[in-house]
Amino acid sequence: MANLAVSPRSRTAFGWQKLPIIELIVLLIVAVLPLVLQDYLTVYATRVLILCLFALSFDLVWGYAGIMSFGQAVFFGSAGYGVALLARDLGITSIFFVLPAGVLIGFTFALLLGGFLLLGRHPSSVIFVSLGTLTGSYAVDRLARGWYYLGGQNGIPSFSTMTLGSYEFEEGAVFYYLALGFLILVYLLCRFLTRSQFGLALAGLRENEQRISFFGYKVQHLKAIIFSLSGAIAGLAGSLYAFHEGFVWPNMLGVVMSTQVVLYVLFGGAGTLIGAVIGTVVIESVSFWLSNNYQDIWPIILGVLLLLVILFRPAGLISLVLSERERVGNFGRPPKKGSDGAP
Amino acid sequence: MALLEARGLVKIFGKLMALNRAELTVAENEFHGLIGPNGSGKSTLMKCVAGAEIATHGSVLFAGRDITSATPAERARAGMSLKFQITSVLPALTLYDNVLLALQAQTSLSSLVFSRTRGVLHDRVMAMLEQFRLADRADNPAAALSHGQQQWLEIAMALAPEPKLLLLDEPTGGMSLEERRVTGELLQPIKKKCSLVIVEHDLDFIRDICDRLTVLDQGSVLDCGSVREIQSSAKVQEVYLRRA
């Protein structure tokens, strides 16, 4: 007979955990969307799913490890450019090659930038890392705009579609489910990582970096590892984005894109993963609706909306339904025997 | 052989010489108190030993190894543990996770990622929380504790990795009389396990738990000896009377 005793990890002070329920609802909604949306909206929704993947990469560094990266677009855009060059110059479009290549490019750029900014003898300050990544994003943007080989201001237009054998991934429902598959995979990977003992170390890093260095943690190494991993995820998102849009351009690398992903995560709620997804979906959906209905003033309306949420809900939209305790979560205590063991 | 030897430590902040050839020697399993008037350099000496500050001159030897320029993480890995003067538990995390965080610090990366030591460390986390009378609140966030309980939690965190040397900077600061008494009781059992250096203003507390004392004044060692010797030291009495 099932033991109904529950561990403290499976419920909050106010009832059952809400996070898995929210995750399930979001999953159900995105799973059926192409069945109810018109084709052009499915294409738009695919773009949003890829941006959700990009937002997860930032949530990992900021929401979990407390590293403020204003240069996340460097990894997103460099992977986009990398796979675009592979397709344009070498004719390589196989999904088995271009996506791992994108991941590798994002990872390598993050490792290089992170190594420079984070791997000093003493831990780097938030300001140093923020400005360093911002400068990196700006510099790479300018480099792309001025480099003829990369297409300059116009970027690289009209390269071949991604392929699986003889199948070509055109935009539409199939690409949507491909992006959704990767989003779920990366989400589960991040969820596993952030709920593990490694996740606890990241929480320590975010809460009090100096304190945990006195426990013996090599905080610079921890930061470099999570920073590089987030770069790999941004690289995956960037390469999917490039093939979905069919072209790449300097904005993919720049400060605007880097700031956009910060807003997605702050708006939805940092440090919960699902907050990053919700933030991206809401901002992109509201932008889409506003730009269709208020063509002249929609950026102002959107800006005010973002400001209101960040002012009055600094923990993001997700804090409307999740308590702080549930957002932070528990990391170490093993579930009691006989409990449902919800993580 | 001494476990800790700080030799001729000088620490200069701008024009202020906070430490002037300060010395500190701590034997194994010794409880050593650092006392002195405000501004005498106790906390600075503690920070130079723990790695929070690097001494301008002088050397720190720990277990026979020169750790003068080692980072705090390197010192922790060598067996040194610190409780800060200002309570620095992680308020958003549960008590359980606070202690586990301290315990798992030297676990390998792959073990952390796959949570391999979670089960093994569970009993040690709970034992530490039991020892400091916090087990019944293991799943509460540390922010919900009283100031005194947060101090106990931080001592538990510092002790959890079983250090060779525990550094406590004003562990009873802000505590009630009863909480101070309990803190003394809680510290007694660790005497067989590790050495202790403690900075504390409460002289009664220091006298009750320490074997030896070092008295600092204006960044220099004024006197060093057993509690009895220090209590009868004319130099020490003169300094305390002068400050009073």
# chains A, B, ... in the order shown; residues from 1 in each chain; ligands from 1
>>> residues_around(residues="Ile67 of chain A", least_positions_apart="2", cutoff="12 Å", atoms="only C-alpha atoms", output="ChimeraX atom specification")
/A:57-65,69-72,114,117-118,123-133,202-203,205-207,209,219-220,222-228,230,262,270-271
>>> residues_around(residues="Ala6 of chain B", least_positions_apart="4", cutoff="8 Å", atoms="only C-alpha atoms", output="PyMOL selection string")
chain B and resi 22-25+49+58-61
>>> write_last_selection(atoms="C-alpha atoms", output="PDB file, in the first residue's frame")
ATOM      1  CA  ALA B  22      51.893  40.239  16.071  1.00  0.00           C
ATOM      2  CA  GLU B  23      52.548  36.608  16.988  1.00  0.00           C
ATOM      3  CA  LEU B  24      50.158  33.752  17.605  1.00  0.00           C
ATOM      4  CA  THR B  25      50.934  30.126  18.364  1.00  0.00           C
ATOM      5  CA  VAL B  49      45.129  33.864   9.720  1.00  0.00           C
ATOM      6  CA  GLY B  58      55.201  38.198   8.312  1.00  0.00           C
ATOM      7  CA  SER B  59      54.220  34.597   7.763  1.00  0.00           C
ATOM      8  CA  VAL B  60      51.496  32.150   8.721  1.00  0.00           C
ATOM      9  CA  LEU B  61      52.343  28.472   9.107  1.00  0.00           C
TER      10      LEU B  61
END
>>> residues_around(residues="Leu90 of chain B", least_positions_apart="5", cutoff="7 Å", atoms="only C-alpha atoms", output="MDAnalysis selection string")
(chainID A and resid 207:208) or (chainID B and resid 98 142)
>>> write_last_selection(atoms="C-alpha atoms", output="PDB file, in the first residue's frame")
ATOM      1  CA  GLU A 207      23.728  34.158  -1.943  1.00  0.00           C
ATOM      2  CA  ASN A 208      27.192  34.777  -0.511  1.00  0.00           C
TER       3      ASN A 208
ATOM      4  CA  ASN B  98      23.316  25.591   4.938  1.00  0.00           C
ATOM      5  CA  ALA B 142      17.870  30.303   8.095  1.00  0.00           C
TER       6      ALA B 142
END
>>> residues_around(residues="segment 76-80 of chain A", least_positions_apart="4", cutoff="6 Å", atoms="only C-alpha atoms", output="list in words")
Gly102, Ile105, Gly106, Ala234, Gly235, Gly238, Ser239, Ala242, Met252 and Leu253 of chain A
>>> write_last_selection(atoms="C-alpha atoms", output="PDB file, in the first residue's frame")
ATOM      1  CA  GLY A 102      26.715  25.677 -32.553  1.00  0.00           C
ATOM      2  CA  ILE A 105      31.035  27.582 -30.634  1.00  0.00           C
ATOM      3  CA  GLY A 106      28.869  28.998 -27.821  1.00  0.00           C
ATOM      4  CA  ALA A 234      22.926  29.952 -25.899  1.00  0.00           C
ATOM      5  CA  GLY A 235      24.938  28.469 -28.786  1.00  0.00           C
ATOM      6  CA  GLY A 238      21.598  30.651 -31.707  1.00  0.00           C
ATOM      7  CA  SER A 239      22.156  27.881 -34.247  1.00  0.00           C
ATOM      8  CA  ALA A 242      19.823  31.021 -37.517  1.00  0.00           C
ATOM      9  CA  MET A 252      22.072  38.724 -32.902  1.00  0.00           C
ATOM     10  CA  LEU A 253      25.437  39.416 -31.245  1.00  0.00           C
TER      11      LEU A 253
END
>>> closest_residue(among="B:Asn20, B:Thr107, B:Asn29, B:Ser115", to="chain A", atoms="only C-alpha atoms")
B:Ser115
>>> atom_distance(atom1="atom CA of Gln197 of chain A", atom2="atom CA of Lys47 of chain B")
28.9 Å
>>> residues_around(residues="segment 179-185 of chain B", least_positions_apart="3", cutoff="8 Å", atoms="only C-alpha atoms", output="MDAnalysis selection string")
chainID B and resid 148 152 172 175:176 188:189 205 208:209
>>> residues_around(residues="Leu143 of chain A", least_positions_apart="5", cutoff="10 Å", atoms="only C-alpha atoms", output="PyMOL selection string")
chain A and resi 137-138+148+150+152+250+253
>>> interface_residues(of="chain A", to="chain B", cutoff="8 Å", atoms="only C-alpha atoms", output="list in words")
Pro8, His122, Leu193, Ser196, Gln197, Phe198, Gly199, Leu200, Ala201, Gly204, Glu207, Asn208, Arg211, Ile212, Ser213, Phe214, Phe215, Gly216, Tyr217, Lys218, Arg325, Val328, Gly329, Asn330, Phe331, Gly332, Arg333 and Pro334 of chain A
>>> select_by_dssp(residues="segment 84-228 of chain B", states="helix (DSSP H, G or I)", output="PyMOL selection string")
chain B and resi 95-106+109-113+118-131+135-137+142-144+147-159+177-192+203-209+227-228
